[in-house]
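Student: Dropping in input12.cif, with mmCIF, C-alpha atoms and all ligand atoms.
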```cif
data_final
#
loop_
_atom_site.label_atom_id
_atom_site.label_comp_id
_atom_site.auth_asym_id
_atom_site.auth_seq_id
_atom_site.Cartn_x
_atom_site.Cartn_y
_atom_site.Cartn_z
CA MET A 1440 -29.02 4.63 2.60
CA ARG A 1441 -25.61 4.24 1.07
CA THR A 1442 -24.22 3.31 4.46
CA VAL A 1443 -26.88 0.67 4.85
CA THR A 1444 -26.15 -0.91 1.52
CA ARG A 1445 -22.45 -0.86 2.12
CA LEU A 1446 -22.85 -2.50 5.49
CA ALA A 1447 -25.20 -5.03 4.00
CA GLY A 1448 -22.66 -5.88 1.34
CA PHE A 1449 -19.95 -6.24 3.95
CA ALA A 1450 -22.16 -8.52 6.03
CA VAL A 1451 -22.96 -10.65 3.03
CA GLY A 1452 -19.26 -11.04 2.39
CA LEU A 1453 -18.72 -12.13 5.96
CA ALA A 1454 -21.61 -14.53 5.82
CA ALA A 1455 -20.18 -16.01 2.67
CA VAL A 1456 -16.74 -16.48 4.14
CA PHE A 1457 -17.67 -17.68 7.58
CA GLY A 1458 -20.94 -19.35 6.65
CA THR A 1459 -19.60 -21.54 3.92
CA THR A 1460 -16.26 -22.29 5.48
CA TYR A 1461 -17.05 -22.71 9.13
CA GLY A 1462 -20.81 -22.69 9.41
CA ILE A 1463 -20.80 -20.08 12.14
CA GLY A 1464 -24.41 -19.07 12.49
CA ARG A 1465 -23.72 -16.21 14.85
CA VAL A 1466 -22.52 -13.93 12.09
CA VAL A 1467 -25.40 -14.72 9.80
CA ASP A 1468 -28.03 -13.26 12.07
CA ARG A 1469 -26.75 -9.79 11.22
CA ALA A 1470 -26.82 -10.36 7.51
CA PRO A 1471 -29.71 -10.06 5.10
CA VAL A 1472 -31.05 -13.31 3.79
CA VAL A 1473 -29.25 -14.18 0.60
CA GLU A 1474 -29.81 -17.31 -1.39
CA GLY A 1475 -26.98 -19.18 -2.98
CA ARG A 1476 -23.29 -18.60 -2.97
CA HIS A 1477 -21.62 -15.27 -3.05
CA ASP A 1478 -18.16 -14.74 -4.35
CA GLY A 1479 -17.24 -12.61 -1.37
CA ASP A 1480 -16.67 -9.46 -3.37
CA ALA A 1481 -18.78 -7.00 -1.46
CA THR A 1482 -18.31 -4.34 -4.09
CA HIS A 1483 -20.65 -6.15 -6.43
CA ALA A 1484 -23.53 -5.23 -4.20
CA THR A 1485 -23.03 -1.50 -4.50
CA GLY A 1486 -20.52 -0.70 -7.19
CA GLU A 1487 -18.87 1.68 -4.74
CA HIS A 1488 -15.43 0.21 -5.19
CA ASP A 1489 -13.46 3.01 -3.64
CA GLU A 1490 -15.57 3.35 -0.53
CA THR A 1491 -15.73 -0.38 0.00
CA THR A 1492 -11.99 -0.67 -0.40
CA GLU A 1493 -11.50 2.00 2.25
CA ARG A 1494 -13.36 -0.16 4.69
CA LEU A 1495 -11.35 -3.30 4.14
CA PRO A 1496 -8.75 -4.44 6.63
CA GLY A 1497 -5.24 -4.78 5.25
CA GLY A 1498 -3.83 -7.78 3.48
CA LEU A 1499 -6.97 -8.93 1.69
CA LEU A 1500 -6.03 -7.43 -1.66
CA VAL A 1501 -3.14 -8.25 -3.96
CA SER A 1502 -3.58 -4.87 -5.63
CA ASP A 1503 -4.79 -1.67 -4.03
CA ARG A 1504 -4.61 2.04 -4.87
CA GLY A 1505 -2.55 1.31 -7.93
CA TYR A 1506 0.06 -0.84 -6.19
CA THR A 1507 0.34 -4.58 -6.85
CA LEU A 1508 2.29 -7.29 -5.05
CA GLU A 1509 4.03 -9.51 -7.59
CA PRO A 1510 6.01 -12.56 -6.48
CA VAL A 1511 8.93 -13.22 -8.82
CA ASP A 1512 10.73 -16.45 -9.58
CA ALA A 1513 13.45 -17.22 -7.09
CA PRO A 1514 15.60 -20.14 -5.99
CA ALA A 1515 13.88 -22.57 -3.60
CA ASP A 1516 15.67 -21.12 -0.59
CA GLU A 1517 14.64 -17.57 -1.40
CA PHE A 1518 11.43 -15.55 -1.59
CA ALA A 1519 11.36 -12.61 -3.96
CA PHE A 1520 8.76 -10.09 -5.04
CA ARG A 1521 8.20 -6.64 -6.44
CA ILE A 1522 5.67 -3.92 -5.83
CA ALA A 1523 4.39 -2.58 -9.13
CA GLY A 1524 3.38 1.05 -8.90
CA PRO A 1525 0.56 2.95 -10.61
CA ASP A 1526 2.76 3.29 -13.70
CA GLY A 1527 3.30 -0.48 -13.84
CA GLN A 1528 6.97 -0.13 -12.97
CA PRO A 1529 8.56 -1.66 -9.85
CA VAL A 1530 8.58 0.76 -6.94
CA THR A 1531 12.11 1.52 -5.75
CA ARG A 1532 11.51 4.24 -3.16
CA TYR A 1533 9.89 3.53 0.17
CA ASP A 1534 9.43 5.36 3.44
CA VAL A 1535 10.76 3.83 6.64
CA ALA A 1536 8.04 2.68 9.03
CA HIS A 1537 8.76 0.76 12.22
CA ASP A 1538 12.47 1.01 11.38
CA LYS A 1539 12.16 -0.73 7.99
CA GLN A 1540 11.12 0.03 4.44
CA MET A 1541 9.47 -3.35 4.02
CA HIS A 1542 7.92 -5.78 6.45
CA LEU A 1543 7.15 -9.20 5.03
CA ILE A 1544 4.83 -11.33 7.10
CA VAL A 1545 3.90 -14.87 6.15
CA ALA A 1546 1.50 -17.36 7.66
CA ARG A 1547 -0.08 -20.54 6.47
CA ARG A 1548 -3.79 -20.37 5.74
CA ASP A 1549 -4.37 -22.41 8.91
CA LEU A 1550 -2.63 -19.56 10.83
CA SER A 1551 0.43 -21.66 11.64
CA GLY A 1552 3.98 -20.93 10.56
CA PHE A 1553 3.99 -17.16 11.21
CA ARG A 1554 7.21 -15.37 10.30
CA HIS A 1555 8.03 -11.67 10.15
CA VAL A 1556 11.14 -10.86 8.11
CA HIS A 1557 12.80 -7.92 6.39
CA PRO A 1558 13.83 -8.42 2.77
CA GLU A 1559 16.60 -6.57 1.00
CA LEU A 1560 15.79 -4.21 -1.85
CA ALA A 1561 17.74 -4.52 -5.10
CA PRO A 1562 18.15 -1.44 -7.28
CA ASP A 1563 15.65 -2.83 -9.81
CA GLY A 1564 12.89 -2.90 -7.18
CA THR A 1565 13.09 -6.62 -6.37
CA TRP A 1566 12.84 -7.56 -2.70
CA ARG A 1567 14.66 -10.76 -1.67
CA VAL A 1568 14.87 -12.70 1.56
CA ASP A 1569 15.82 -16.19 2.69
CA THR A 1570 12.51 -17.92 2.32
CA PRO A 1571 10.36 -17.70 5.41
CA LEU A 1572 7.96 -20.33 4.03
CA ALA A 1573 8.68 -23.24 6.34
CA GLY A 1574 7.08 -26.26 4.77
CA ALA A 1575 4.25 -27.33 2.53
CA GLY A 1576 0.94 -25.62 2.43
CA GLN A 1577 -1.10 -22.67 1.34
CA TRP A 1578 0.65 -19.56 2.57
CA ARG A 1579 -0.37 -15.96 2.62
CA ALA A 1580 2.44 -13.43 2.20
CA PHE A 1581 1.84 -9.85 3.34
CA ALA A 1582 3.94 -6.90 2.24
CA ASP A 1583 3.53 -4.04 4.71
CA PHE A 1584 5.10 -0.86 3.33
CA THR A 1585 4.70 2.81 2.47
CA PRO A 1586 5.66 3.83 -1.07
CA THR A 1587 7.34 7.22 -0.99
CA GLY A 1588 4.65 9.74 -1.77
CA GLY A 1589 1.88 7.25 -1.08
CA GLU A 1590 -0.10 5.87 1.82
CA PRO A 1591 0.76 2.89 4.02
CA LEU A 1592 -0.41 -0.34 2.41
CA THR A 1593 -0.53 -4.00 3.23
CA LEU A 1594 -0.93 -6.18 0.16
CA GLY A 1595 -1.36 -9.95 0.36
CA VAL A 1596 -0.81 -12.81 -2.04
CA ASP A 1597 -1.27 -16.56 -1.83
CA VAL A 1598 1.79 -18.74 -2.27
CA THR A 1599 1.64 -22.51 -2.51
CA VAL A 1600 4.50 -24.64 -1.29
CA PRO A 1601 4.01 -28.12 -2.75
CA GLY A 1602 4.24 -31.18 -0.57
CA GLU A 1603 2.20 -33.10 1.89
CA LEU A 1604 0.02 -30.71 3.82
CA THR A 1605 -0.98 -31.34 7.39
CA GLU A 1606 -3.64 -28.86 8.44
CA ARG A 1607 -3.11 -27.74 11.99
CA PRO A 1608 -6.15 -26.96 14.11
CA LEU A 1609 -6.27 -23.45 15.51
CA PRO A 1610 -5.10 -23.61 19.13
CA ALA A 1611 -7.80 -22.88 21.69
CA PRO A 1612 -8.12 -19.33 23.04
CA SER A 1613 -5.68 -18.72 25.85
CA THR A 1614 -4.35 -15.83 27.89
CA SER A 1615 -0.93 -17.31 28.48
CA THR A 1616 1.69 -18.91 26.29
CA THR A 1617 5.35 -19.82 26.41
CA VAL A 1618 8.07 -19.28 23.84
CA ASP A 1619 11.82 -19.82 24.12
CA GLY A 1620 11.54 -20.08 27.90
CA TYR A 1621 9.49 -16.89 28.27
CA THR A 1622 5.94 -16.82 29.57
CA VAL A 1623 3.73 -14.19 27.99
CA THR A 1624 0.31 -13.35 29.36
CA LEU A 1625 -2.42 -11.41 27.62
CA THR A 1626 -4.82 -9.01 29.30
CA GLY A 1627 -7.64 -7.34 27.46
CA SER A 1628 -10.17 -8.49 24.94
CA PRO A 1629 -10.54 -7.04 21.45
CA GLN A 1630 -13.97 -5.67 20.64
CA PRO A 1631 -15.20 -5.16 17.09
CA GLY A 1632 -15.42 -1.55 15.98
CA ARG A 1633 -13.68 0.06 18.91
CA THR A 1634 -10.15 0.49 20.07
CA SER A 1635 -9.27 -1.90 22.87
CA PRO A 1636 -6.04 -2.08 24.84
CA LEU A 1637 -4.22 -5.38 24.75
CA THR A 1638 -1.42 -5.76 27.25
CA LEU A 1639 1.20 -8.48 26.95
CA THR A 1640 3.36 -9.19 29.96
CA VAL A 1641 6.65 -11.02 29.66
CA SER A 1642 8.33 -13.08 32.37
CA ARG A 1643 11.05 -15.68 32.49
CA GLY A 1644 11.63 -18.19 35.25
CA GLY A 1645 8.86 -16.54 37.26
CA GLN A 1646 10.58 -13.15 37.14
CA PRO A 1647 9.17 -10.20 35.21
CA VAL A 1648 11.35 -9.16 32.30
CA THR A 1649 12.11 -5.47 32.77
CA ASP A 1650 14.82 -5.00 30.18
CA LEU A 1651 13.10 -5.71 26.88
CA GLU A 1652 15.13 -4.44 23.97
CA PRO A 1653 13.65 -2.10 21.38
CA TYR A 1654 12.56 -3.90 18.26
CA LEU A 1655 11.27 -2.03 15.21
CA GLY A 1656 11.02 1.14 17.25
CA ALA A 1657 8.95 -0.36 20.06
CA TYR A 1658 9.13 -2.90 22.86
CA GLY A 1659 6.97 -5.22 20.89
CA HIS A 1660 5.42 -5.64 17.48
CA LEU A 1661 1.97 -7.16 17.22
CA VAL A 1662 0.21 -8.55 14.18
CA ALA A 1663 -3.28 -10.07 14.24
CA LEU A 1664 -4.71 -12.30 11.53
CA ARG A 1665 -8.40 -13.10 11.27
CA ARG A 1666 -9.40 -16.70 10.93
CA GLY A 1667 -11.17 -17.45 7.69
CA ASP A 1668 -9.67 -14.82 5.41
CA LEU A 1669 -6.41 -13.79 7.10
CA ALA A 1670 -7.37 -10.14 7.27
CA TYR A 1671 -4.23 -8.43 8.55
CA LEU A 1672 -4.11 -6.03 11.46
CA HIS A 1673 -0.90 -4.33 12.35
CA VAL A 1674 -1.58 -3.18 15.87
CA HIS A 1675 -0.14 0.08 17.15
CA PRO A 1676 2.01 0.01 20.27
CA ASP A 1677 0.89 2.41 22.97
CA GLY A 1678 4.09 4.30 23.63
CA ALA A 1679 7.65 4.11 22.35
CA PRO A 1680 11.08 3.62 23.89
CA GLY A 1681 12.48 6.93 25.08
CA ASP A 1682 9.16 8.76 25.28
CA GLY A 1683 9.57 9.18 29.03
CA ARG A 1684 6.62 7.02 30.02
CA THR A 1685 7.05 3.68 28.27
CA ARG A 1686 8.99 1.13 30.28
CA PRO A 1687 10.99 -1.75 28.81
CA GLY A 1688 8.67 -4.38 30.20
CA PRO A 1689 7.39 -6.46 31.66
CA ALA A 1690 4.18 -5.08 30.12
CA VAL A 1691 3.77 -3.92 26.55
CA THR A 1692 0.45 -2.35 25.60
CA PHE A 1693 -1.09 -2.17 22.16
CA LEU A 1694 -4.22 -0.48 20.89
CA ALA A 1695 -6.14 -2.89 18.74
CA GLU A 1696 -9.25 -2.50 16.70
CA VAL A 1697 -10.62 -5.61 15.08
CA PRO A 1698 -13.00 -5.24 12.15
CA SER A 1699 -15.45 -7.93 13.19
CA ALA A 1700 -16.33 -10.60 15.68
CA GLY A 1701 -14.52 -13.86 15.16
CA SER A 1702 -11.31 -15.67 15.98
CA TYR A 1703 -7.95 -14.02 15.56
CA ARG A 1704 -4.41 -15.22 16.00
CA LEU A 1705 -2.10 -12.69 17.65
CA TYR A 1706 1.63 -12.76 17.02
CA LEU A 1707 3.82 -10.73 19.38
CA ASP A 1708 7.42 -10.19 18.36
CA PHE A 1709 9.63 -8.99 21.19
CA ARG A 1710 13.38 -8.75 21.60
CA HIS A 1711 15.31 -9.88 24.63
CA GLY A 1712 18.76 -11.34 25.11
CA GLY A 1713 19.70 -10.23 21.62
CA ALA A 1714 17.08 -12.43 19.95
CA VAL A 1715 13.57 -11.90 18.65
CA HIS A 1716 10.89 -14.17 20.07
CA THR A 1717 7.34 -14.62 18.82
CA ALA A 1718 4.51 -15.38 21.24
CA GLU A 1719 1.20 -16.49 19.74
CA PHE A 1720 -2.34 -16.34 21.09
CA THR A 1721 -5.78 -17.19 19.83
CA VAL A 1722 -8.43 -14.66 20.84
CA VAL A 1723 -12.12 -14.49 20.10
CA ALA A 1724 -13.33 -10.94 19.50
CA GLY A 1725 -16.81 -9.91 20.42
CA THR A 1726 -17.30 -12.61 22.99
CA PRO A 1727 -16.66 -11.77 26.63
CA ALA A 1728 -14.29 -14.14 28.35
CA ALA A 1729 -15.96 -16.76 30.52
CA GLY A 1730 -17.12 -15.21 33.76
CA THR A 1731 -16.84 -11.68 32.44
CA PRO A 1732 -20.13 -9.90 33.05
CA ALA A 1733 -19.90 -7.41 30.21
CA ALA A 1734 -17.69 -6.54 27.32
CA ASP A 1735 -16.57 -3.30 28.94
CA ALA A 1736 -15.66 -4.82 32.26
CA PRO A 1737 -12.05 -5.63 32.98
CA PRO A 1738 -11.17 -9.18 32.07
CA THR A 1739 -11.22 -11.66 34.88
CA GLY A 1740 -8.66 -14.27 35.63
CA GLY A 1741 -5.75 -11.99 34.82
CA ASP A 1742 -2.73 -11.59 36.98
CA PRO A 1743 -3.76 -9.21 39.79
CA SER A 1744 -0.20 -7.96 40.01
CA GLY A 1745 -0.25 -7.25 36.31
CA PRO A 1746 -0.06 -3.89 34.62
CA ALA A 1747 -2.32 -1.05 35.60
CA PRO A 1748 -4.62 0.37 32.96
CA THR A 1749 -2.69 2.70 30.75
CA GLY A 1750 -5.41 5.21 30.14
CA GLY A 1751 -5.35 4.49 26.46
CA ALA A 1752 -8.52 2.50 26.78
CA ASP A 1753 -11.21 3.65 24.43
CA HIS A 1754 -10.22 6.18 21.86
CA GLY A 1755 -13.66 5.99 20.33
CA THR A 1756 -12.44 5.88 16.79
CA PRO A 1757 -14.52 3.25 15.07
CA GLY A 1758 -13.65 2.91 11.47
CA HIS A 1759 -9.99 3.54 11.93
CA GLY A 1760 -8.16 1.01 9.84
CA HIS A 1761 -4.48 0.42 9.44
CA ASN A 1762 -3.97 -0.50 5.87
CU CU A 1801 8.86 -5.82 10.12
#
```
Just dump the structure as structure tokens.

Tutor:
Amino acid sequence: MRTVTRLAGFAVGLAAVFGTTYGIGRVVDRAPVVEGRHDGDATHATGEHDETTERLPGGLLVSDRGYTLEPVDAPADEFAFRIAGPDGQPVTRYDVAHDKQMHLIVARRDLSGFRHVHPELAPDGTWRVDTPLAGAGQWRAFADFTPTGGEPLTLGVDVTVPGELTERPLPAPSTSTTVDGYTVTLTGSPQPGRTSPLTLTVSRGGQPVTDLEPYLGAYGHLVALRRGDLAYLHVHPDGAPGDGRTRPGPAVTFLAEVPSAGSYRLYLDFRHGGAVHTAEFTVVAGTPAAGTPAADAPPTGGDPSGPAPTGGADHGTPGHGHN
């Protein structure tokens, strides 16, 4: 019974977000009928704050498990923040994850303008970085970190950059994109509630790139943001440089689990030629690609010479969240 009510509350939250903002009816058919607006806080339905919080994807909360993301005043060309700990004091000790103590990801609310940067920690617990906020708009800033002695967390906060805002439409779903002269193709389709392999294949000038350089302890770093609320998914690479089986391209495989159907923007950071490049894709989870007979079938239209399945396909771990 508790599971049912929790799920119902979650569905109501989704219906509120997607229903009021985008009018997507497809999500509503799973939700109980609710009259009027809902503030999107699913915990109101059950009062089970802790359990509901456990279920949330990362990045939706500015404060979680006693830790709070606090932007601090900074010059216009700088972005600065602190993480306040359970005692209210700025946290100064962090574990290294993916080669860094702090990953700062920013994106505009319309999913444009993605940047992934690594601030510097001052002794007083203030993190500073040349501002990654490129232009006017409503931005979401995500701090992805592990406080020493605590669990990995991704906290998110809205930041407004004043000026004339031009909302950019979300690019249409695609399985191929180009960045900095590289072509990156995507194979695989994320499915809600289960782990799905996503393979990104990098080429340049028609030639596969087979000498990707390690970046943040992997041959690629993938973040997914959900349209509508910018839920943050930090997707695990399948394999690491030097593990004896993971090759430096052209294919990089990730294991992704998306929390719901809907549109997501994927951002792949990879390093080659001494520079980091970011390839972006729009994907729709929970909807088979056109011409694909079933969700579990291999995607069609992919490059037949592309990567073989990696065997990491379905780990059957619904409910696993990275937050
Ligand atoms: Cu990072």

Student: To one decimal place in Å, what is the distance between atom CA of A:Tyr1506 and atom CA of A:Leu1664?

Tutor: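 Value for the atom CA of A:Tyr1506-atom CA of A:Leu1664 distance: 21.6 Å.
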
Student: Determine, counting all atoms listed in the file, which protein, DNA and RNA residues have an atom within 10 Å of an atom of A:Leu1560; residues of the same chain fewer than 5 positions away are not included. Present the result as a list of chain:residue names.

Tutor: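 Listing them by chain and then by number gives A:Ala1519, A:Phe1520, A:Arg1521, A:Thr1531, A:Arg1532, A:Tyr1533, A:Gln1540, A:Met1541, A:Thr1565, A:Trp1566, A:Arg1567, A:Val1568.
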
Student: Show me which residues are within 8 Å of ligand CU 1801 (chain A) counting all atoms listed in the file, and format the list as a ChimeraX atom specification.

Tutor: /A:1537-1539,1541-1544,1555-1557,1583,1655

Student: Counting all atoms listed in the file, which of A:Pro1610, A:Gly1588, A:Gly1725, A:Pro1558 gets nearest to A:Ser1635?

Tutor: A:Gly1725

Student: For each of A:Val1596, A:Leu1550, A:Leu1609, A:Ser1615, take the minimum atom-to-atom distance to A:Ala1663, counting only C-alpha atoms, then give the residue where this is smallest.

Tutor: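 Distance minimum relative to A:Ala1663 lands on A:Leu1550.
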
Student: Would you compute the distance between atom CA of A:Pro1698 and atom CA of A:Ala1575? Give it in Å to one decimal.

Tutor: 29.6 Å

Student: Find the spatial neighbours of stretch 1714-1716 of chain A, counting only C-alpha atoms, within a cut-off of 9 Å - ignore same-chain residues fewer than 4 positions away - and output them as an NGL selection string.

Tutor: :A and (1618-1619 or 1621 or 1654 or 1707-1710)

Student: What does the structure give for the distance between atom CA of A:Ser1628 and atom CA of A:Glu1590, in Å to one decimal?

Tutor: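 Distance reported for this atom pair: 29.0 Å.
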
Student: For stretch 1508-1514 of chain A, list every protein, DNA or RNA residue within 10 Å, evaluated using all atoms listed in the file, and leave out those in the same chain fewer than 3 positions away; present the list as a ChimeraX atom specification.

Tutor: /A:1500-1503,1517-1524,1529,1565-1570,1580-1582,1593-1598

Student: I'd like to know which of A:Gly1678, A:Gly1701, A:Pro1636, A:Gly1656 is closest to A:Ala1536, using all atoms listed in the file.

Tutor: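 The shortest atom-to-atom distance to A:Ala1536 comes from A:Gly1656.
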
Student: With distances taken over only C-alpha atoms, which of A:Leu1669, A:Ala1718, A:Val1600, A:Leu1499 is nearest to A:Gly1620?

Tutor: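 Checking each candidate against A:Gly1620, we get A:Ala1718 as the closest.
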
Student: With 3 Å added on each side, what axis-aligned box encloses every listed atom of stretch 1548-1558 of chain A? Give the centre and edge lengths in Å to one decimal, as lines of an AutoDock Vina configuration file.

Tutor:
```
center_x = 4.7
center_y = -15.2
center_z = 7.2
size_x = 24.2
size_y = 20.5
size_z = 14.9
```

Student: Which one of A:Pro1680, A:Pro1653, A:Gly1712, A:Gly1659 sits closest to A:Leu1639 if you count all atoms listed in the file?

Tutor: A:Gly1659

Student: So, with only C-alpha atoms as the atoms that count, which of A:Gly1632, A:Gly1505, A:Gly1713, A:Gly1527 lies closest to A:Ala1700?

Tutor: A:Gly1632

Student: Skip A:Pro1676 itself and residues of its chain fewer than 6 positions away, then list as an NGL selection string all residues within 9 Å of it, counting all atoms listed in the file.

Tutor: :A and (1657-1661 or 1691-1695)

Student: Report as JSON, numbers by chain all protein, DNA and RNA residues lying within 12 Å of A:Gln1577, evaluated on all atoms listed in the file, omitting residues in the same chain fewer than 5 positions from it.

Tutor: {"A": [1545, 1546, 1547, 1548, 1549, 1550, 1551, 1552, 1572, 1596, 1597, 1598, 1599, 1600, 1601, 1602, 1603, 1604, 1605, 1606, 1607, 1669]}
